[in-house]
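Here's query_9.pdb, which has PDB, C-alpha atoms:
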```pdb
ATOM      1  CA  MET R  29      81.504-115.419  63.040
ATOM      2  CA  LYS R  30      84.590-115.097  65.231
ATOM      3  CA  VAL R  31      86.674-112.050  64.326
ATOM      4  CA  GLY R  32      90.141-111.187  65.607
ATOM      5  CA  ILE R  33      91.166-107.519  65.637
ATOM      6  CA  PHE R  34      94.538-106.156  66.700
ATOM      7  CA  ASP R  35      96.490-102.939  67.095
ATOM      8  CA  SER R  36      99.321-101.472  69.151
ATOM      9  CA  GLY R  37      96.905-100.180  71.779
ATOM     10  CA  ILE R  38      93.496 -98.556  72.092
ATOM     11  CA  GLY R  39      93.423 -97.183  68.536
ATOM     12  CA  GLY R  40      92.086-100.395  67.066
ATOM     13  CA  LEU R  41      89.116-100.116  69.396
ATOM     14  CA  THR R  42      87.785 -97.491  66.967
ATOM     15  CA  VAL R  43      87.675-100.253  64.357
ATOM     16  CA  LEU R  44      86.072-102.633  66.836
ATOM     17  CA  LYS R  45      83.471 -99.973  67.634
ATOM     18  CA  GLU R  46      82.572 -99.584  63.948
ATOM     19  CA  MET R  47      82.458-103.361  63.489
ATOM     20  CA  ILE R  48      80.082-103.798  66.426
ATOM     21  CA  SER R  49      77.887-100.991  65.107
ATOM     22  CA  THR R  50      77.728-102.444  61.588
ATOM     23  CA  HIS R  51      77.887-106.140  62.490
ATOM     24  CA  PRO R  52      76.474-106.643  66.012
ATOM     25  CA  LYS R  53      76.004-110.390  65.547
ATOM     26  CA  ALA R  54      79.584-111.593  65.948
ATOM     27  CA  HIS R  55      82.182-112.745  68.462
ATOM     28  CA  TYR R  56      85.066-110.256  68.567
ATOM     29  CA  ILE R  57      88.476-110.982  70.050
ATOM     30  CA  TYR R  58      90.603-107.856  70.392
ATOM     31  CA  TYR R  59      94.332-107.666  71.121
ATOM     32  CA  GLY R  60      95.998-104.364  72.002
ATOM     33  CA  ASP R  61      99.770-104.591  72.259
ATOM     34  CA  THR R  62     100.114-101.792  74.806
ATOM     35  CA  LYS R  63     103.391-103.202  76.106
ATOM     36  CA  ASN R  64     105.092-102.479  72.776
ATOM     37  CA  LEU R  65     103.399 -99.305  71.587
ATOM     38  CA  PRO R  66     103.848 -97.143  69.635
ATOM     39  CA  TYR R  67     104.256 -99.124  66.414
ATOM     40  CA  GLY R  68     104.802 -96.017  64.306
ATOM     41  CA  ASN R  69     108.525 -95.802  65.016
ATOM     42  CA  LYS R  70     109.333 -99.523  64.755
ATOM     43  CA  THR R  71     111.241-101.224  61.940
ATOM     44  CA  LYS R  72     109.526-103.641  59.574
ATOM     45  CA  GLU R  73     111.280-106.545  61.279
ATOM     46  CA  GLU R  74     109.989-105.425  64.666
ATOM     47  CA  LEU R  75     106.491-105.078  63.229
ATOM     48  CA  LYS R  76     106.695-108.616  61.838
ATOM     49  CA  ILE R  77     107.670-110.017  65.241
ATOM     50  CA  CYS R  78     104.844-108.187  67.023
ATOM     51  CA  SER R  79     102.309-109.192  64.372
ATOM     52  CA  ASP R  80     103.421-112.813  64.351
ATOM     53  CA  ASN R  81     102.937-113.147  68.110
ATOM     54  CA  ILE R  82      99.482-111.592  67.997
ATOM     55  CA  ILE R  83      98.241-113.423  64.910
ATOM     56  CA  ASN R  84      99.286-116.772  66.356
ATOM     57  CA  PHE R  85      97.461-115.882  69.573
ATOM     58  CA  LEU R  86      94.293-115.080  67.615
ATOM     59  CA  ILE R  87      94.576-118.243  65.536
ATOM     60  CA  LYS R  88      94.648-120.265  68.759
ATOM     61  CA  LYS R  89      91.317-118.597  69.555
ATOM     62  CA  ASP R  90      89.918-120.154  66.326
ATOM     63  CA  VAL R  91      89.076-116.870  64.618
ATOM     64  CA  ASP R  92      87.544-116.977  61.139
ATOM     65  CA  LEU R  93      88.951-113.595  60.143
ATOM     66  CA  ILE R  94      91.673-111.234  61.361
ATOM     67  CA  ILE R  95      91.485-107.472  60.902
ATOM     68  CA  ILE R  96      94.737-105.538  61.151
ATOM     69  CA  ALA R  97      93.378-102.453  62.889
ATOM     70  CA  CYS R  98      96.689-100.636  62.577
ATOM     71  CA  GLY R  99      97.658 -98.272  59.804
ATOM     72  CA  THR R 100     101.378 -98.836  60.316
ATOM     73  CA  ILE R 101     101.234-102.625  59.945
ATOM     74  CA  SER R 102      98.666-102.375  57.153
ATOM     75  CA  SER R 103     100.858-100.035  55.130
ATOM     76  CA  ASN R 104     104.200-101.736  55.725
ATOM     77  CA  ILE R 105     103.896-105.515  55.989
ATOM     78  CA  TYR R 106     100.352-106.514  55.015
ATOM     79  CA  GLU R 107     101.375-107.877  51.618
ATOM     80  CA  GLU R 108     104.026-110.044  53.286
ATOM     81  CA  ILE R 109     101.764-111.570  55.937
ATOM     82  CA  LYS R 110      98.285-111.705  54.401
ATOM     83  CA  ASP R 111      98.689-115.242  52.994
ATOM     84  CA  LYS R 112     101.119-116.599  55.582
ATOM     85  CA  TYR R 113      98.870-118.038  58.271
ATOM     86  CA  GLY R 114      96.045-119.997  56.652
ATOM     87  CA  VAL R 115      93.374-117.618  57.934
ATOM     88  CA  LYS R 116      91.849-114.674  56.090
ATOM     89  CA  ILE R 117      93.608-111.439  57.042
ATOM     90  CA  VAL R 118      92.413-107.985  55.976
ATOM     91  CA  ASP R 119      93.877-104.545  56.538
ATOM     92  CA  VAL R 120      92.497-101.034  56.968
ATOM     93  CA  ILE R 121      94.453 -99.265  54.230
ATOM     94  CA  ASN R 122      93.125-101.008  51.119
ATOM     95  CA  PRO R 123      89.412-100.461  51.960
ATOM     96  CA  THR R 124      90.200 -96.795  52.644
ATOM     97  CA  ILE R 125      91.914 -96.312  49.292
ATOM     98  CA  ASP R 126      89.019 -98.093  47.579
ATOM     99  CA  TYR R 127      86.576 -95.759  49.336
ATOM    100  CA  ILE R 128      88.481 -92.702  48.129
ATOM    101  CA  LYS R 129      88.556 -93.975  44.553
ATOM    102  CA  LYS R 130      84.915 -95.074  44.571
ATOM    103  CA  ASN R 131      83.789 -91.639  45.693
ATOM    104  CA  ASN R 132      86.202 -89.786  43.379
ATOM    105  CA  LEU R 133      87.629 -87.805  46.276
ATOM    106  CA  THR R 134      90.366 -85.290  45.487
ATOM    107  CA  LYS R 135      92.623 -82.970  47.462
ATOM    108  CA  VAL R 136      93.254 -85.777  49.931
ATOM    109  CA  GLY R 137      95.406 -85.343  53.021
ATOM    110  CA  ILE R 138      96.842 -88.181  55.089
ATOM    111  CA  LEU R 139      97.552 -87.990  58.801
ATOM    112  CA  GLY R 140      99.652 -91.016  59.747
ATOM    113  CA  THR R 141     102.635 -92.388  61.632
ATOM    114  CA  TYR R 142     106.167 -92.016  60.306
ATOM    115  CA  MET R 143     106.125 -95.586  59.028
ATOM    116  CA  THR R 144     102.792 -95.185  57.234
ATOM    117  CA  VAL R 145     103.891 -91.961  55.556
ATOM    118  CA  ASP R 146     107.297 -93.403  54.598
ATOM    119  CA  SER R 147     105.640 -96.457  53.029
ATOM    120  CA  LYS R 148     104.009 -94.135  50.446
ATOM    121  CA  VAL R 149     101.110 -96.590  50.252
ATOM    122  CA  PHE R 150      98.642 -93.764  49.659
ATOM    123  CA  GLU R 151     100.874 -91.774  47.310
ATOM    124  CA  ASN R 152     101.538 -94.812  45.157
ATOM    125  CA  ARG R 153      97.854 -95.514  44.540
ATOM    126  CA  LEU R 154      96.211 -92.110  44.638
ATOM    127  CA  THR R 155      96.798 -88.785  42.941
ATOM    128  CA  ASP R 156      96.671 -85.340  44.502
ATOM    129  CA  VAL R 157      97.721 -86.582  47.952
ATOM    130  CA  LYS R 158      99.611 -84.760  50.702
ATOM    131  CA  GLN R 159     100.906 -86.664  53.729
ATOM    132  CA  VAL R 160     101.872 -85.520  57.220
ATOM    133  CA  ALA R 161     103.585 -87.691  59.832
ATOM    134  CA  CYS R 162     102.127 -87.225  63.319
ATOM    135  CA  PRO R 163     104.478 -88.941  65.808
ATOM    136  CA  LYS R 164     103.209 -86.977  68.810
ATOM    137  CA  PHE R 165      99.590 -88.099  68.551
ATOM    138  CA  VAL R 166      99.635 -91.746  69.711
ATOM    139  CA  PRO R 167     101.664 -91.280  72.936
ATOM    140  CA  ALA R 168      99.435 -88.353  73.891
ATOM    141  CA  ILE R 169      96.221 -90.229  73.083
ATOM    142  CA  GLU R 170      97.266 -93.320  75.020
ATOM    143  CA  SER R 171      98.197 -91.235  78.069
ATOM    144  CA  GLY R 172      95.102 -89.042  77.879
ATOM    145  CA  LYS R 173      96.990 -85.785  77.282
ATOM    146  CA  SER R 174      95.791 -82.853  75.184
ATOM    147  CA  VAL R 175      96.623 -82.952  71.480
ATOM    148  CA  ASP R 176      95.455 -79.420  70.634
ATOM    149  CA  GLU R 177      98.934 -78.048  70.009
ATOM    150  CA  TYR R 178      99.899 -80.995  67.809
ATOM    151  CA  ALA R 179      96.612 -80.986  65.910
ATOM    152  CA  LYS R 180      97.035 -77.346  64.958
ATOM    153  CA  GLU R 181     100.638 -77.974  63.888
ATOM    154  CA  TYR R 182      99.867 -80.998  61.708
ATOM    155  CA  LEU R 183      96.683 -79.682  60.112
ATOM    156  CA  GLU R 184      98.425 -76.437  59.200
ATOM    157  CA  GLN R 185     100.374 -78.518  56.682
ATOM    158  CA  LEU R 186      97.152 -79.722  55.008
ATOM    159  CA  LYS R 187      95.645 -76.310  54.240
ATOM    160  CA  THR R 188      94.513 -77.169  50.713
ATOM    161  CA  CYS R 189      93.041 -80.599  51.541
ATOM    162  CA  GLU R 190      89.287 -81.114  51.460
ATOM    163  CA  ASN R 191      89.364 -84.778  52.551
ATOM    164  CA  ILE R 192      91.664 -86.037  55.301
ATOM    165  CA  VAL R 193      92.315 -89.690  56.068
ATOM    166  CA  LEU R 194      92.780 -90.565  59.717
ATOM    167  CA  GLY R 195      95.644 -92.856  58.723
ATOM    168  CA  CYS R 196      96.144 -94.273  62.201
ATOM    169  CA  THR R 197      93.237 -95.910  64.006
ATOM    170  CA  HIS R 198      94.028 -93.886  67.136
ATOM    171  CA  TYR R 199      93.101 -90.644  65.394
ATOM    172  CA  PRO R 200      89.289 -91.005  65.414
ATOM    173  CA  LEU R 201      89.620 -90.672  69.189
ATOM    174  CA  ILE R 202      90.649 -87.023  68.720
ATOM    175  CA  ILE R 203      88.220 -86.175  65.919
ATOM    176  CA  ASP R 204      86.528 -83.399  67.929
ATOM    177  CA  THR R 205      89.875 -81.687  68.427
ATOM    178  CA  LEU R 206      90.794 -82.039  64.771
ATOM    179  CA  LYS R 207      87.482 -80.528  63.681
ATOM    180  CA  LYS R 208      88.182 -77.454  65.802
ATOM    181  CA  TYR R 209      91.092 -76.616  63.544
ATOM    182  CA  LYS R 210      89.832 -77.813  60.164
ATOM    183  CA  ASN R 211      86.246 -78.362  59.027
ATOM    184  CA  VAL R 212      86.633 -80.934  56.250
ATOM    185  CA  ASN R 213      85.640 -84.518  55.494
ATOM    186  CA  PHE R 214      87.640 -86.731  57.855
ATOM    187  CA  ILE R 215      87.803 -90.353  56.713
ATOM    188  CA  ASN R 216      87.642 -93.035  59.416
ATOM    189  CA  MET R 217      89.367 -96.232  58.243
ATOM    190  CA  GLY R 218      87.287 -98.297  60.671
ATOM    191  CA  LYS R 219      84.111 -97.261  58.899
ATOM    192  CA  CYS R 220      85.639 -98.041  55.521
ATOM    193  CA  ILE R 221      86.458-101.613  56.448
ATOM    194  CA  ALA R 222      83.264-102.259  58.426
ATOM    195  CA  GLU R 223      81.226-101.419  55.336
ATOM    196  CA  ILE R 224      82.907-104.057  53.154
ATOM    197  CA  ILE R 225      83.109-106.992  55.584
ATOM    198  CA  ASP R 226      80.559-109.683  54.764
ATOM    199  CA  PHE R 227      79.608-112.165  57.488
ATOM    200  CA  ASN R 228      78.359-115.584  56.420
ATOM    201  CA  ASN R 229      77.127-116.592  59.874
ATOM    202  CA  GLU R 230      75.865-114.665  62.862
ATOM    203  CA  VAL R 231      76.127-115.292  66.604
ATOM    204  CA  ASP R 232      75.162-113.370  69.725
ATOM    205  CA  LEU R 233      77.485-110.441  70.355
ATOM    206  CA  GLN R 234      80.525-111.329  72.435
ATOM    207  CA  VAL R 235      83.591-109.153  72.993
ATOM    208  CA  ASP R 236      86.843-110.444  74.496
ATOM    209  CA  LEU R 237      89.490-107.797  75.165
ATOM    210  CA  TYR R 238      93.152-108.674  75.629
ATOM    211  CA  PHE R 239      96.031-106.257  76.228
ATOM    212  CA  SER R 240      99.715-106.943  76.805
ATOM    213  CA  LYS R 241      99.823-104.278  79.525
ATOM    214  CA  VAL R 242      96.887-103.009  81.574
ATOM    215  CA  ASP R 243      96.621-100.007  83.891
ATOM    216  CA  GLU R 244      93.820 -97.818  85.220
ATOM    217  CA  ASN R 245      94.202 -95.308  82.395
ATOM    218  CA  LEU R 246      93.716 -98.069  79.856
ATOM    219  CA  LYS R 247      90.619 -99.337  81.619
ATOM    220  CA  HIS R 248      89.161 -95.826  81.556
ATOM    221  CA  ASN R 249      89.935 -95.402  77.858
ATOM    222  CA  VAL R 250      88.416 -98.743  76.924
ATOM    223  CA  LYS R 251      85.209 -97.923  78.770
ATOM    224  CA  GLN R 252      84.984 -94.541  77.032
ATOM    225  CA  ILE R 253      85.475 -96.047  73.569
ATOM    226  CA  VAL R 254      83.548 -99.327  73.538
ATOM    227  CA  GLY R 255      81.816 -99.556  76.910
ATOM    228  CA  GLU R 256      81.965-102.027  79.781
ATOM    229  CA  PHE R 257      83.740-105.246  78.862
ATOM    230  CA  GLU R 258      86.096-107.462  80.815
ATOM    231  CA  ILE R 259      89.760-106.736  80.123
ATOM    232  CA  LYS R 260      92.403-109.446  80.337
ATOM    233  CA  GLU R 261      96.153-108.888  80.543
ATOM    234  CA  ILE R 262      98.347-111.449  78.795
TER     235      ILE R 262
END
```

Could you render the structure from this file as structure tokens?
Amino acid sequence: MKVGIFDSGIGGLTVLKEMISTHPKAHYIYYGDTKNLPYGNKTKEELKICSDNIINFLIKKDVDLIIIACGTISSNIYEEIKDKYGVKIVDVINPTIDYIKKNNLTKVGILGTYMTVDSKVFENRLTDVKQVACPKFVPAIESGKSVDEYAKEYLEQLKTCENIVLGCTHYPLIIDTLKKYKNVNFINMGKCIAEIIDFNNEVDLQVDLYFSKVDENLKHNVKQIVGEFEIKEI
């Protein structure tokens, strides 16, 4: 099985990590669009352009499946692009909502980008939901800066929530910090989608990593998240 996974940067690596853990017999091709991050403040038209370039790149790699490992794209343009390319495309939002419903979770909080929150994708399909936009997280995570101040600020707005969705795939990277300020059930979208993917053929594990911009900080982050793999800049 050859699986394409993409995101604006290193966040989608949390999805890749969960996929490798759950499905170690696959060939993964990852694309992080670090040159154009963050996606959370882009328009839908800009998101379509970025997605189109990446999806066409992955299709040229003959992938059998594409996972949109980005909450912003999943919540804003998934319905418009899912049947456009002749290859199966799945997102991270729908499996997360299904997980919440299946487990009858209530008092749900959403941490997400501006675009994800504004899409109301969670509010429209779930009850008893409170959302908080977290625009300061992704730039800080990508640059390796502390998010303590921001975490405290954002979580303060979710006081009554017992379950909190990490609505951007970057956020599992700061889970230890988040838990310092709120001890609740944090929901990792990467785990939600890894649990529902069904592979019909297995191959030896192979991981190809592509990024639109590479620097030493990125290399360090990649190693910390998924381990030692060759990184290619395109």

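If all atoms listed in the file are the atoms counted, then among R:Val250, R:Val31, R:Ala54, R:Ile83 the closest residue to Asn229 in chain R is R:Ala54.
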
inquiry  = Which residue is closest to Glu190 in chain R? Choose from R:Ser147, R:Ser171, R:Thr141, R:Asn213 and count all atoms listed in the file.
reply    = R:Asn213

ask   = Got a sec: who's within 7 Å of Asn191 in chain R, counting all atoms listed in the file, leaving out chain neighbours fewer than 2 positions off, as a ChimeraX atom specification?
value = /R:135-137,189,193,212-214

query = So which residues touch Asn104 in chain R within 8 Å, counting all atoms listed in the file, skipping near sequence neighbours fewer than 4 positions away, as a PyMOL selection string?
reply = chain R and resi 72+100+143-144+147

Taking only residues of range 141-207 of chain R that have an atom at most 10 Å from an atom of range 232-249 of chain R, what is each one's shortest atom pair and its distance in Å to one decimal, using only C-alpha atoms, in chain and number order, as a tab-separated table?
```
residue	atom	partner	partner_atom	distance
R:Ile169	CA	R:Asn249	CA	9.4
R:Glu170	CA	R:Leu246	CA	7.7
R:Ser171	CA	R:Asn245	CA	7.2
R:Gly172	CA	R:Asn245	CA	7.8
R:Leu201	CA	R:Asn249	CA	9.9
```

key: Minimum-distance residue to Glu177 in chain R, chosen among R:Val149, R:Thr205, R:Gly195, R:Ile125 (using all atoms listed in the file)   = R:Thr205

query = With only C-alpha atoms as the basis for distance, which of R:Tyr59, R:Tyr209, R:Phe150, R:Tyr178 is at the shortest distance from Leu86 in chain R?
reply = R:Tyr59

request  = Can you work out which one of R:Tyr106, R:Tyr67, R:Tyr199, R:Phe34 has the shortest atom-to-atom distance to Ile94 in chain R, counting all atoms listed in the file?
outcome  =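 Residue with the minimum atom-to-atom distance to Ile94 in chain R: R:Phe34.
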
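Here CA of Lys63 in chain R stands at a distance of 16.6 Å from CA of Ala97 in chain R.
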
message = One decimal, in Å: what's the spacing between CA of Ile95 in chain R and CA of Leu75 in chain R?
response =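 Interatomic distance, CA of Ile95 in chain R to CA of Leu75 in chain R: 15.4 Å.
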
request  = Starting from the displayed file, determine the output of the PyMOL selection byres ((chain R and resi 79) around 10) and express the residue list as a list of chain:residue names.
outcome  = R:Phe34, R:Asp35, R:Ser36, R:Asp61, R:Glu73, R:Glu74, R:Leu75, R:Lys76, R:Ile77, R:Cys78, R:Asp80, R:Asn81, R:Ile82, R:Ile83, R:Asn84, R:Phe85, R:Ile96, R:Ile101, R:Ile105, R:Tyr106, R:Ile109

ask   = Hey, can you check how far CA of Val254 in chain R sits from CA of Ile138 in chain R?
value = 25.3 Å

query = From the list R:Ile224, R:Ile192, R:Val166, R:Asn131, which residue is nearest Thr62 in chain R when using all atoms listed in the file?
reply =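 So, comparing all the options, the nearest one is R:Val166.
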
Write out as lines of an AutoDock Vina configuration file an axis-aligned box for range 133-143 of chain R: all of its atoms listed in the file, 3 Å added on each side, centre and edge lengths in Å with one decimal.
```
center_x = 96.9
center_y = -89.3
center_z = 53.6
size_x = 24.5
size_y = 18.6
size_z = 22.1
```

ask   = On this structure, which residues satisfy the PyMOL selection byres ((chain R and resi 218) around 7), written as a list in words?
value =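 Expected selection for the PyMOL selection byres ((chain R and resi 218) around 7) here is Thr42, Val43, Glu46, Val120, Asn216, Met217, Lys219, Cys220, Ile221 and Ala222 of chain R.
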